[in-house]
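Data file: coords.txt. Format and content: compact mmCIF, C-alpha atoms.
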# COMPACT_ATOMS: atom_id res chain seq x y z
CA MET A 1353 5.67 -15.45 20.74
CA SER A 1354 2.53 -16.91 22.24
CA ASN A 1355 -0.84 -16.40 20.66
CA THR A 1356 -2.54 -14.64 23.55
CA SER A 1357 -3.99 -11.77 21.54
CA LYS A 1358 -7.64 -11.17 22.27
CA PHE A 1359 -10.32 -9.97 19.92
CA SER A 1360 -13.94 -9.03 20.27
CA ARG A 1361 -16.53 -7.41 18.06
CA ARG A 1362 -18.46 -4.36 19.04
CA THR A 1363 -21.42 -3.22 17.00
CA ILE A 1364 -20.37 -3.33 13.36
CA LEU A 1365 -20.30 0.15 11.87
CA LYS A 1366 -21.72 0.85 8.49
CA SER A 1367 -19.01 0.53 5.89
CA GLY A 1368 -18.03 3.80 4.29
CA VAL A 1369 -15.73 2.52 1.56
CA GLY A 1370 -18.24 2.54 -1.24
CA SER A 1371 -16.78 5.47 -3.16
CA ALA A 1372 -14.25 3.26 -4.90
CA ALA A 1373 -16.63 0.47 -5.79
CA ALA A 1374 -15.15 -0.33 -9.18
CA THR A 1375 -11.61 -0.80 -7.98
CA MET A 1376 -12.82 -2.53 -4.85
CA LEU A 1377 -14.24 -5.27 -7.03
CA LEU A 1378 -10.68 -6.13 -8.02
CA THR A 1379 -9.66 -6.42 -4.38
CA GLN A 1380 -12.70 -8.57 -3.68
CA ARG A 1381 -11.73 -10.95 -6.46
CA ILE A 1382 -8.23 -11.22 -5.04
CA TRP A 1383 -9.71 -11.90 -1.63
CA ALA A 1384 -11.87 -14.66 -3.08
CA GLN A 1385 -8.99 -16.40 -4.84
CA GLU A 1386 -7.57 -19.59 -3.43
CA GLY A 1387 -4.04 -19.76 -2.09
CA ASP A 1388 -2.11 -17.36 0.07
CA ILE A 1389 -3.56 -14.03 1.14
CA LYS A 1390 -0.98 -11.43 0.13
CA ILE A 1391 -0.27 -8.26 2.06
CA ALA A 1392 1.88 -5.31 0.97
CA LEU A 1393 4.24 -4.11 3.72
CA ALA A 1394 5.29 -0.53 2.92
CA ALA A 1395 8.16 0.92 4.96
CA PRO A 1396 11.60 2.54 4.65
CA MET A 1397 14.07 -0.30 4.16
CA THR A 1398 16.89 2.04 3.11
CA GLY A 1399 17.86 5.57 4.09
CA ASP A 1400 18.18 7.22 7.48
CA SER A 1401 15.00 5.66 8.84
CA ALA A 1402 15.81 2.15 7.63
CA SER A 1403 15.54 0.78 11.16
CA PHE A 1404 11.82 1.54 10.96
CA GLY A 1405 11.58 -0.80 8.00
CA LEU A 1406 13.70 -3.47 9.62
CA ASN A 1407 11.48 -3.39 12.69
CA ALA A 1408 8.34 -3.51 10.56
CA GLN A 1409 9.67 -6.61 8.81
CA ARG A 1410 10.62 -8.25 12.09
CA GLY A 1411 7.19 -7.49 13.53
CA ALA A 1412 5.54 -8.98 10.45
CA ASP A 1413 7.67 -12.11 10.73
CA ALA A 1414 6.70 -12.51 14.38
CA ALA A 1415 3.02 -12.29 13.47
CA ILE A 1416 3.35 -14.68 10.56
CA LYS A 1417 4.80 -17.31 12.91
CA VAL A 1418 1.73 -17.03 15.11
CA ILE A 1419 -0.64 -17.05 12.16
CA GLU A 1420 0.99 -20.15 10.70
CA ALA A 1421 0.95 -21.90 14.09
CA THR A 1422 -2.76 -21.22 14.49
CA GLY A 1423 -3.87 -22.43 11.07
CA GLY A 1424 -3.81 -19.21 9.09
CA ILE A 1425 -7.22 -18.01 7.99
CA GLY A 1426 -9.45 -20.92 7.17
CA GLY A 1427 -6.37 -22.87 6.23
CA ARG A 1428 -4.99 -20.11 4.01
CA ALA A 1429 -1.62 -18.57 4.81
CA ILE A 1430 -0.88 -14.85 4.98
CA THR A 1431 2.26 -13.77 3.15
CA TYR A 1432 3.70 -10.34 2.60
CA ASP A 1433 5.94 -8.53 0.16
CA VAL A 1434 8.08 -5.59 1.27
CA PHE A 1435 7.97 -2.28 -0.61
CA ASP A 1436 10.77 0.16 0.23
CA ASP A 1437 9.52 3.76 0.29
CA MET A 1438 12.95 4.95 1.47
CA GLY A 1439 11.23 7.31 3.90
CA GLN A 1440 10.62 9.66 0.96
CA PRO A 1441 7.13 10.91 0.05
CA ARG A 1442 7.75 10.79 -3.69
CA GLU A 1443 8.94 7.18 -3.48
CA ALA A 1444 5.98 6.35 -1.22
CA ALA A 1445 3.57 7.55 -3.92
CA SER A 1446 5.43 5.42 -6.47
CA VAL A 1447 5.24 2.41 -4.13
CA ALA A 1448 1.50 2.95 -3.66
CA ARG A 1449 0.95 3.02 -7.41
CA ARG A 1450 2.90 -0.22 -7.86
CA ILE A 1451 0.95 -1.93 -5.08
CA VAL A 1452 -2.40 -0.90 -6.51
CA ASP A 1453 -1.53 -1.60 -10.14
CA SER A 1454 -0.20 -5.07 -9.33
CA GLY A 1455 -3.66 -6.21 -8.33
CA GLU A 1456 -2.11 -8.78 -5.98
CA TYR A 1457 -2.65 -7.37 -2.49
CA VAL A 1458 -5.75 -7.36 -0.32
CA ALA A 1459 -4.41 -4.77 2.11
CA VAL A 1460 -1.45 -2.51 2.92
CA VAL A 1461 0.35 -2.50 6.26
CA GLY A 1462 2.25 0.80 6.50
CA HIS A 1463 3.59 3.28 5.74
CA VAL A 1464 5.72 4.37 8.74
CA ASN A 1465 6.68 8.02 8.16
CA SER A 1466 3.74 10.44 8.20
CA SER A 1467 4.87 12.23 5.04
CA CYS A 1468 4.96 8.90 3.21
CA THR A 1469 1.50 7.90 4.39
CA LEU A 1470 0.07 11.28 3.39
CA ALA A 1471 1.66 11.01 -0.06
CA ALA A 1472 0.41 7.46 -0.65
CA MET A 1473 -3.08 7.62 0.81
CA PRO A 1474 -4.83 9.36 -2.12
CA ILE A 1475 -3.79 6.44 -4.33
CA TYR A 1476 -4.93 3.81 -1.85
CA ALA A 1477 -8.18 5.69 -1.20
CA GLU A 1478 -8.98 5.89 -4.90
CA ALA A 1479 -8.41 2.14 -5.19
CA GLY A 1480 -10.34 1.40 -2.00
CA ILE A 1481 -7.60 -0.85 -0.66
CA PRO A 1482 -7.57 -1.20 3.16
CA VAL A 1483 -4.61 0.50 4.88
CA LEU A 1484 -3.54 -0.59 8.36
CA CYS A 1485 -1.05 1.98 9.54
CA GLY A 1486 1.15 1.50 12.58
CA SER A 1487 3.16 4.59 13.26
CA SER A 1488 2.24 7.67 11.22
CA SER A 1489 1.16 10.14 13.88
CA ASN A 1490 0.45 13.34 11.92
CA SER A 1491 -3.15 14.36 12.62
CA GLN A 1492 -3.93 14.81 8.91
CA VAL A 1493 -3.53 11.07 8.34
CA THR A 1494 -7.05 10.64 9.69
CA GLU A 1495 -8.38 14.14 9.04
CA ASN A 1496 -8.52 14.02 5.24
CA GLY A 1497 -11.74 12.05 5.06
CA TRP A 1498 -10.15 8.78 3.98
CA GLU A 1499 -12.33 5.94 5.20
CA ASN A 1500 -10.02 3.07 4.30
CA ILE A 1501 -7.44 3.53 7.08
CA ILE A 1502 -6.89 2.83 10.77
CA ARG A 1503 -3.72 3.54 12.72
CA MET A 1504 -2.25 2.16 15.92
CA THR A 1505 -0.16 5.03 17.24
CA ILE A 1506 -1.43 8.02 19.19
CA ARG A 1507 -2.17 11.16 17.15
CA GLY A 1508 0.63 13.68 17.01
CA ASP A 1509 -1.47 16.63 18.13
CA TYR A 1510 -2.45 14.81 21.31
CA GLY A 1511 1.09 13.54 21.71
CA ALA A 1512 2.65 16.99 21.36
CA GLN A 1513 0.44 18.22 24.17
CA GLN A 1514 1.68 15.38 26.32
CA TYR A 1515 5.34 16.14 25.54
CA SER A 1516 4.93 19.76 26.58
CA ALA A 1517 2.98 18.81 29.70
CA TYR A 1518 5.67 16.35 30.73
CA ALA A 1519 8.40 18.99 30.35
CA VAL A 1520 6.45 21.65 32.24
CA ASN A 1521 4.49 19.71 34.85
CA ASN A 1522 6.64 16.63 35.49
CA LEU A 1523 10.11 18.16 35.01
CA GLY A 1524 9.24 21.68 36.15
CA LYS A 1525 10.78 23.38 33.09
CA ARG A 1526 9.38 26.52 31.50
CA ASN A 1527 11.84 27.53 28.77
CA LEU A 1528 11.46 25.05 25.93
CA ALA A 1529 13.72 24.76 22.88
CA ILE A 1530 12.26 22.72 20.02
CA LEU A 1531 14.24 20.74 17.47
CA PHE A 1532 11.96 19.56 14.68
CA ALA A 1533 12.25 17.64 11.44
CA ASN A 1534 10.99 19.86 8.65
CA ASP A 1535 8.43 17.34 7.38
CA ASP A 1536 4.79 16.51 8.11
CA TYR A 1537 5.76 14.58 11.22
CA GLY A 1538 8.09 17.15 12.78
CA ARG A 1539 6.15 20.26 11.81
CA GLY A 1540 2.92 18.73 13.06
CA LEU A 1541 4.42 18.03 16.46
CA ARG A 1542 6.11 21.44 16.59
CA ASP A 1543 2.88 23.34 15.85
CA GLU A 1544 0.89 21.52 18.50
CA MET A 1545 3.72 21.76 21.03
CA VAL A 1546 3.75 25.54 20.70
CA ILE A 1547 -0.01 25.67 21.34
CA ALA A 1548 0.31 23.41 24.37
CA ALA A 1549 3.22 25.41 25.79
CA GLU A 1550 1.13 28.57 25.64
CA ALA A 1551 -1.71 26.83 27.43
CA LEU A 1552 0.74 25.68 30.11
CA ASP A 1553 2.16 29.21 30.50
CA ALA A 1554 5.58 28.08 29.32
CA ASN A 1555 7.93 29.79 26.85
CA ILE A 1556 9.28 28.61 23.51
CA VAL A 1557 12.66 30.32 23.73
CA ALA A 1558 14.16 28.86 20.56
CA GLU A 1559 13.38 26.59 17.62
CA GLY A 1560 15.48 24.81 15.04
CA GLY A 1561 14.19 23.01 11.97
CA PHE A 1562 16.26 20.65 9.82
CA THR A 1563 15.86 18.60 6.65
CA PRO A 1564 15.51 14.86 7.43
CA ASN A 1565 17.92 12.52 5.65
CA VAL A 1566 20.09 15.52 4.71
CA ASP A 1567 21.19 17.59 7.71
CA ARG A 1568 23.77 16.11 10.06
CA ASP A 1569 25.34 19.14 11.72
CA PHE A 1570 23.26 20.59 14.55
CA SER A 1571 26.00 22.68 16.15
CA SER A 1572 24.51 26.07 15.22
CA ILE A 1573 21.07 25.04 16.49
CA ILE A 1574 22.59 23.87 19.76
CA SER A 1575 24.43 27.20 20.13
CA THR A 1576 21.17 29.06 19.55
CA PHE A 1577 19.37 26.93 22.14
CA LYS A 1578 22.12 27.60 24.70
CA ALA A 1579 22.13 31.34 24.06
CA ALA A 1580 18.34 31.49 24.41
CA GLY A 1581 18.50 30.06 27.93
CA ALA A 1582 16.64 26.84 27.21
CA ASP A 1583 16.16 24.61 30.24
CA VAL A 1584 14.75 21.62 28.31
CA PHE A 1585 15.31 20.29 24.78
CA MET A 1586 12.24 18.98 22.94
CA LEU A 1587 13.27 16.62 20.14
CA ASN A 1588 10.67 16.16 17.41
CA CYS A 1589 12.63 13.88 15.15
CA ASN A 1590 13.70 10.31 14.49
CA TYR A 1591 16.42 8.36 16.24
CA THR A 1592 19.22 9.28 13.82
CA GLU A 1593 18.94 13.04 14.15
CA GLY A 1594 18.06 12.76 17.83
CA GLY A 1595 21.17 10.75 18.60
CA LEU A 1596 23.43 13.03 16.56
CA PHE A 1597 21.94 16.13 18.21
CA MET A 1598 22.57 14.72 21.68
CA GLY A 1599 26.16 13.75 20.91
CA GLN A 1600 26.93 17.15 19.42
CA ALA A 1601 25.32 18.94 22.37
CA GLN A 1602 27.55 16.99 24.72
CA ALA A 1603 30.58 17.92 22.59
CA GLN A 1604 29.64 21.58 23.14
CA GLY A 1605 29.61 21.02 26.89
CA VAL A 1606 25.84 20.84 27.26
CA THR A 1607 25.28 18.02 29.72
CA ASP A 1608 22.73 19.30 32.22
CA ILE A 1609 19.68 20.11 30.09
CA PRO A 1610 17.00 17.37 30.10
CA VAL A 1611 15.58 15.99 26.88
CA VAL A 1612 12.01 15.02 26.05
CA GLY A 1613 11.05 13.25 22.84
CA PRO A 1614 8.64 10.84 21.10
CA ASP A 1615 8.96 7.10 20.60
CA SER A 1616 10.70 7.58 17.27
CA LEU A 1617 13.75 7.84 19.56
CA LEU A 1618 13.11 4.43 21.09
CA TYR A 1619 15.77 2.68 19.02
CA ASN A 1620 19.15 1.40 20.06
CA GLU A 1621 20.66 3.61 17.35
CA PHE A 1622 19.53 6.69 19.33
CA ILE A 1623 21.67 5.58 22.26
CA GLU A 1624 24.60 4.56 20.06
CA LEU A 1625 24.68 7.76 18.00
CA SER A 1626 24.46 9.93 21.12
CA GLN A 1627 27.78 8.49 22.35
CA GLY A 1628 26.57 8.34 25.93
CA ALA A 1629 24.68 11.65 25.91
CA ALA A 1630 21.24 10.02 25.82
CA GLU A 1631 21.46 9.05 29.50
CA GLY A 1632 18.40 10.34 31.34
CA ALA A 1633 16.44 11.28 28.21
CA SER A 1634 12.65 11.05 28.65
CA ILE A 1635 10.83 9.29 25.80
CA LEU A 1636 7.05 9.18 25.68
CA ALA A 1637 6.10 5.93 23.95
CA ALA A 1638 2.73 4.92 22.51
CA TYR A 1639 3.22 1.46 23.95
CA ASP A 1640 5.09 0.19 27.01
CA PRO A 1641 7.63 -2.50 26.12
CA TYR A 1642 7.89 -3.31 29.81
CA ALA A 1643 4.16 -3.63 30.54
CA GLU A 1644 3.42 -6.51 32.87
CA ASN A 1645 0.95 -8.44 30.78
CA GLU A 1646 1.35 -11.86 29.22
CA THR A 1647 1.07 -10.85 25.57
CA THR A 1648 3.57 -8.00 25.79
CA GLN A 1649 6.09 -10.02 27.75
CA ALA A 1650 5.78 -13.00 25.40
CA PHE A 1651 6.45 -10.71 22.44
CA MET A 1652 9.39 -9.02 24.18
CA SER A 1653 10.98 -12.34 25.16
CA GLN A 1654 10.64 -13.89 21.71
CA PHE A 1655 11.88 -10.73 19.99
CA ALA A 1656 14.92 -10.58 22.26
CA GLU A 1657 15.64 -14.25 21.59
CA ASP A 1658 15.31 -13.81 17.82
CA TYR A 1659 17.07 -10.47 17.37
CA ASP A 1660 18.82 -9.54 20.62
CA ALA A 1661 17.12 -6.15 20.41
CA LEU A 1662 14.31 -4.09 21.90
CA PRO A 1663 11.25 -4.17 19.63
CA SER A 1664 10.26 -0.67 18.61
CA GLN A 1665 6.66 0.41 18.42
CA VAL A 1666 6.88 -0.16 14.65
CA ALA A 1667 7.63 -3.84 15.25
CA VAL A 1668 4.91 -4.21 17.86
CA PHE A 1669 2.25 -2.34 15.90
CA THR A 1670 3.05 -4.18 12.65
CA SER A 1671 2.74 -7.52 14.41
CA ASP A 1672 -0.51 -6.50 16.07
CA LEU A 1673 -1.95 -5.27 12.77
CA LEU A 1674 -1.35 -8.59 11.04
CA LEU A 1675 -2.84 -10.49 13.97
CA LEU A 1676 -5.81 -8.13 13.91
CA MET A 1677 -6.26 -8.96 10.22
CA GLN A 1678 -6.20 -12.66 11.02
CA ALA A 1679 -8.85 -12.16 13.71
CA LEU A 1680 -11.10 -10.07 11.49
CA MET A 1681 -10.77 -12.25 8.40
CA GLY A 1682 -11.39 -15.29 10.56
CA GLU A 1683 -14.69 -13.63 11.41
CA ASP A 1684 -15.50 -13.28 7.69
CA SER A 1685 -14.36 -9.70 7.14
CA THR A 1686 -13.72 -8.89 3.49
CA ALA A 1687 -11.59 -6.23 1.86
CA GLU A 1688 -14.71 -4.10 1.64
CA THR A 1689 -15.54 -4.38 5.34
CA LEU A 1690 -12.10 -4.82 6.94
CA ILE A 1691 -11.60 -1.22 8.10
CA ALA A 1692 -15.20 -0.74 9.22
CA ASP A 1693 -15.06 -4.05 11.08
CA ALA A 1694 -11.80 -3.04 12.77
CA LYS A 1695 -13.40 0.21 13.95
CA ALA A 1696 -16.16 -1.87 15.49
CA SER A 1697 -13.76 -4.18 17.32
CA THR A 1698 -11.62 -4.38 20.41
CA PHE A 1699 -8.22 -5.99 20.01
CA GLU A 1700 -5.65 -6.79 22.67
CA GLY A 1701 -2.16 -7.37 21.34
CA ALA A 1702 1.45 -6.96 22.38
CA GLY A 1703 1.00 -3.18 22.31
CA GLY A 1704 -2.01 -3.20 24.63
CA THR A 1705 -5.72 -2.71 23.99
CA TYR A 1706 -6.91 -1.02 20.80
CA ASN A 1707 -10.23 0.58 19.90
CA TRP A 1708 -10.78 2.97 17.01
CA ASP A 1709 -13.09 5.87 16.39
CA ALA A 1710 -14.95 6.63 13.16
CA LYS A 1711 -11.91 8.43 11.69
CA GLY A 1712 -9.63 5.47 12.34
CA ASP A 1713 -7.76 6.96 15.30
CA VAL A 1714 -6.93 4.69 18.20
CA MET A 1715 -8.77 5.68 21.39
CA ASN A 1716 -8.09 5.66 25.13
CA ARG A 1717 -4.34 5.16 24.85
CA THR A 1718 -1.80 6.75 27.20
CA PHE A 1719 1.95 7.24 26.95
CA ALA A 1720 4.55 5.21 28.81
CA VAL A 1721 7.54 7.25 29.98
CA ILE A 1722 10.78 5.50 29.04
CA THR A 1723 14.27 6.67 29.96
CA VAL A 1724 17.85 5.70 29.17
CA GLU A 1725 19.85 4.29 32.06
CA ASP A 1726 23.29 2.71 31.84
CA GLY A 1727 23.02 2.58 28.07
CA SER A 1728 19.66 0.79 27.97
CA PHE A 1729 16.00 1.75 27.90
CA ARG A 1730 13.82 1.20 30.94
CA SER A 1731 10.32 2.18 31.99
CA THR A 1732 10.01 4.88 34.66
CA GLY A 1733 6.46 3.97 35.64
CA GLU A 1734 5.56 7.65 35.48
CA SER A 1735 2.38 9.14 34.03
CA VAL A 1736 2.15 12.52 32.33
CA ASP A 1737 0.73 15.24 34.56
CA GLU A 1738 -1.89 16.77 32.27
CA THR A 1739 -2.67 19.75 34.50
CA GLY A 1740 -3.44 22.75 32.29
CA LEU A 1741 -4.28 20.81 29.14
CA ASP A 1742 -8.01 20.84 29.77
CA VAL A 1743 -8.37 24.14 27.87
CA LEU A 1744 -7.23 22.32 24.71
CA ARG A 1745 -9.73 19.46 24.95

Here is a file; write its structure as structure tokens.
Amino acid sequence: MSNTSKFSRRTILKSGVGSAAATMLLTQRIWAQEGDIKIALAAPMTGDSASFGLNAQRGADAAIKVIEATGGIGGRAITYDVFDDMGQPREAASVARRIVDSGEYVAVVGHVNSSCTLAAMPIYAEAGIPVLCGSSSNSQVTENGWENIIRMTIRGDYGAQQYSAYAVNNLGKRNLAILFANDDYGRGLRDEMVIAAEALDANIVAEGGFTPNVDRDFSSIISTFKAAGADVFMLNCNYTEGGLFMGQAQAQGVTDIPVVGPDSLLYNEFIELSQGAAEGASILAAYDPYAENETTQAFMSQFAEDYDALPSQVAVFTSDLLLLMQALMGEDSTAETLIADAKASTFEGAGGTYNWDAKGDVMNRTFAVITVEDGSFRSTGESVDETGLDVLR
């Protein structure tokens, strides 16, 4: 991976992390210590979303190589320890408590699942520890008033509008059936998708919720979707359930209904678990792995050489977050100012160009439309036709 990331400062915003001044002093002392700068990487390393964690770790390793090759931060190395939240909110809260109580970490990179981030954030906010989040898209992640977080991925409410618009405007479908994970991530997307469908004069003809990490049989939901006359399946879930759903739909003889879903499907396991049924699926991704710019292509090439796999957005965003930290800390950011300084910066990494608003949401990002062809992902080059969404803005 080449070090072609670019970084620039905009006007530094006033730091708003003063509410946890006492605990922040601990983080400042850690920051001031000599030796390695330690980061906590919080992600699901086990369970049904373990590929998220694996990709986060791979992304972190890619960034660490670059950081080491470019002298670290003032000669200090960045190291990280992995904390497995198992994709479970209760475990995520336990992980957050261990990270904070250890007193060893200057920042947290993670969590991945929205429910985990929402469960852990009150603990991080109370401690004032900076949180650099890659992939938790639920809108509440940045709507709860926490000032110690930024995230890389596009908000779920905006994303859900895009998914519906793609199904209606790009594919010409009007009868939507929604499969959703019954957690903060899936419910958040489902709710916003329903609002967007109404604005687009489309119909939600059927819905089916399921319990992540538990439910494996989607046959009754598929039967309901068929009976309701759905002409497009909207998958608000991760790669495991998405792949299983597709394979079971094919087993029921459903082969001609298009599928639209988020980039949590952009994993090889989605294709494998679908047993060939994922062909033609449309995935709206918060970054384009096939973008024709030097930084993205360098990351893609190195990742393929190291792992013989497509880097997911979790890998890309985790790598970019660590490189962002290197850039900011190289410009004298401290634990107290890291998030505010990030919000005042422009960063160009493997996932594209990032700016953040005052809440910590990434701005001015658009979706890449990825499809499955001959058992592999490829970019379609399409853009989402947003006609009709203006009433929601």

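Atom pair CA of Val1557 in chain A / CA of Leu1528 in chain A: separated by 5.8 Å.
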
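For the set A:Gln1409, A:Thr1592, A:Ser1697, A:Asn1565, the residue with the smallest atom-to-atom gap to Tyr1659 in chain A is A:Gln1409, counting all atoms listed in the file.
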
Could the centre and edge lengths of an axis-aligned box, enclosing all atoms of range 1480-1496 of chain A in the file with 4 Å extra on each side, be given in Å to one decimal as lines of an AutoDock Vina configuration file?
center_x = -3.6
center_y = 6.8
center_z = 5.9
size_x = 21.5
size_y = 24.0
size_z = 23.9

In terms of only C-alpha atoms, the residue from A:Gly1560, A:Gly1727, A:Pro1641, A:Gly1524 at minimal distance from Glu1621 in chain A is A:Gly1727

Tell me which of A:Phe1651, A:Val1666, A:Ser1489, A:Thr1739 sits closest to Leu1552 in chain A, counting all atoms listed in the file.
A:Thr1739

Hey, what's within 12 Å of Asp1709 in chain A if we count only C-alpha atoms and toss same-chain stuff fewer than 5 positions away? As a short mmCIF file (atom, residue, chain, number, x, y, z; two decimals) with C-alpha atoms, in the coordinates of the input, please?
data_model
loop_
_atom_site.label_atom_id
_atom_site.label_comp_id
_atom_site.auth_asym_id
_atom_site.auth_seq_id
_atom_site.Cartn_x
_atom_site.Cartn_y
_atom_site.Cartn_z
CA ARG A 1362 -18.46 -4.36 19.04
CA LEU A 1365 -20.30 0.15 11.87
CA THR A 1494 -7.05 10.64 9.69
CA GLU A 1499 -12.33 5.94 5.20
CA ILE A 1501 -7.44 3.53 7.08
CA ILE A 1502 -6.89 2.83 10.77
CA ARG A 1503 -3.72 3.54 12.72
CA MET A 1504 -2.25 2.16 15.92
CA ILE A 1691 -11.60 -1.22 8.10
CA ALA A 1692 -15.20 -0.74 9.22
CA ASP A 1693 -15.06 -4.05 11.08
CA ALA A 1694 -11.80 -3.04 12.77
CA LYS A 1695 -13.40 0.21 13.95
CA ALA A 1696 -16.16 -1.87 15.49
CA SER A 1697 -13.76 -4.18 17.32
CA THR A 1698 -11.62 -4.38 20.41
CA VAL A 1714 -6.93 4.69 18.20
CA MET A 1715 -8.77 5.68 21.39
CA ASN A 1716 -8.09 5.66 25.13
#

Which neighbours of Ile1722 in chain A fall inside 9 Å, counting all atoms listed in the file, when residues of the same chain fewer than 4 positions from it are skipped, and could you give them as an MDAnalysis selection string?
chainID A and resid 1615 1618 1633:1637 1640 1729:1734

Using only C-alpha atoms, which protein or nucleic acid residues come within 8 Å of Ile1556 in chain A? Drop anything in the same chain fewer than 6 positions from it, and give the result as a PyMOL selection string.
chain A and resi 1527-1530+1546+1549

Residues near Val1743 in chain A, anyone? I mean within 12 Å using only C-alpha atoms, not counting same-chain ones fewer than 4 positions away, as an NGL selection string.
:A and (1513 or 1547-1553 or 1738-1739)

Rank A:Ala1629, A:Ala1421, A:Leu1674, A:Val1520 by their smallest atom-to-atom distance to Leu1393 in chain A, using only C-alpha atoms, and report the top residue only.
A:Leu1674

Place N, CA, C and O atoms on range 1612-1624 of chain A and deliver the coordinates as a PDB file, keeping the file's coordinate frame.
ATOM      1  N   VAL A1612      13.297  15.698  26.174  1.00  0.00           N
ATOM      2  CA  VAL A1612      12.010  15.020  26.050  1.00  0.00           C
ATOM      3  C   VAL A1612      11.751  14.758  24.570  1.00  0.00           C
ATOM      4  O   VAL A1612      11.975  15.646  23.732  1.00  0.00           O
ATOM      5  N   GLY A1613      11.306  13.556  24.237  1.00  0.00           N
ATOM      6  CA  GLY A1613      11.050  13.250  22.840  1.00  0.00           C
ATOM      7  C   GLY A1613      10.037  12.139  22.658  1.00  0.00           C
ATOM      8  O   GLY A1613       9.594  11.508  23.621  1.00  0.00           O
ATOM      9  N   PRO A1614       9.647  11.871  21.413  1.00  0.00           N
ATOM     10  CA  PRO A1614       8.640  10.840  21.100  1.00  0.00           C
ATOM     11  C   PRO A1614       9.284   9.463  20.939  1.00  0.00           C
ATOM     12  O   PRO A1614      10.512   9.311  20.996  1.00  0.00           O
ATOM     13  N   ASP A1615       8.443   8.466  20.691  1.00  0.00           N
ATOM     14  CA  ASP A1615       8.960   7.100  20.600  1.00  0.00           C
ATOM     15  C   ASP A1615       9.685   6.797  19.305  1.00  0.00           C
ATOM     16  O   ASP A1615      10.181   5.684  19.142  1.00  0.00           O
ATOM     17  N   SER A1616       9.805   7.768  18.427  1.00  0.00           N
ATOM     18  CA  SER A1616      10.700   7.580  17.270  1.00  0.00           C
ATOM     19  C   SER A1616      12.164   7.600  17.718  1.00  0.00           C
ATOM     20  O   SER A1616      13.052   7.300  16.922  1.00  0.00           O
ATOM     21  N   LEU A1617      12.406   7.927  18.986  1.00  0.00           N
ATOM     22  CA  LEU A1617      13.750   7.840  19.560  1.00  0.00           C
ATOM     23  C   LEU A1617      14.018   6.491  20.208  1.00  0.00           C
ATOM     24  O   LEU A1617      15.155   6.200  20.601  1.00  0.00           O
ATOM     25  N   LEU A1618      12.985   5.670  20.330  1.00  0.00           N
ATOM     26  CA  LEU A1618      13.110   4.430  21.090  1.00  0.00           C
ATOM     27  C   LEU A1618      13.752   3.327  20.243  1.00  0.00           C
ATOM     28  O   LEU A1618      13.191   2.276  19.975  1.00  0.00           O
ATOM     29  N   TYR A1619      14.965   3.602  19.834  1.00  0.00           N
ATOM     30  CA  TYR A1619      15.770   2.680  19.020  1.00  0.00           C
ATOM     31  C   TYR A1619      17.178   2.655  19.595  1.00  0.00           C
ATOM     32  O   TYR A1619      17.686   3.693  20.058  1.00  0.00           O
ATOM     33  N   ASN A1620      17.799   1.504  19.543  1.00  0.00           N
ATOM     34  CA  ASN A1620      19.150   1.400  20.060  1.00  0.00           C
ATOM     35  C   ASN A1620      20.099   2.371  19.367  1.00  0.00           C
ATOM     36  O   ASN A1620      21.070   2.829  19.960  1.00  0.00           O
ATOM     37  N   GLU A1621      19.805   2.678  18.088  1.00  0.00           N
ATOM     38  CA  GLU A1621      20.660   3.610  17.350  1.00  0.00           C
ATOM     39  C   GLU A1621      20.674   5.000  18.000  1.00  0.00           C
ATOM     40  O   GLU A1621      21.670   5.723  17.890  1.00  0.00           O
ATOM     41  N   PHE A1622      19.567   5.393  18.636  1.00  0.00           N
ATOM     42  CA  PHE A1622      19.530   6.690  19.330  1.00  0.00           C
ATOM     43  C   PHE A1622      20.595   6.722  20.426  1.00  0.00           C
ATOM     44  O   PHE A1622      21.345   7.696  20.563  1.00  0.00           O
ATOM     45  N   ILE A1623      20.680   5.652  21.192  1.00  0.00           N
ATOM     46  CA  ILE A1623      21.670   5.580  22.260  1.00  0.00           C
ATOM     47  C   ILE A1623      23.086   5.533  21.677  1.00  0.00           C
ATOM     48  O   ILE A1623      23.994   6.236  22.155  1.00  0.00           O
ATOM     49  N   GLU A1624      23.256   4.719  20.651  1.00  0.00           N
ATOM     50  CA  GLU A1624      24.600   4.560  20.060  1.00  0.00           C
ATOM     51  C   GLU A1624      25.102   5.855  19.449  1.00  0.00           C
ATOM     52  O   GLU A1624      26.252   6.267  19.660  1.00  0.00           O
TER      53      GLU A1624
END
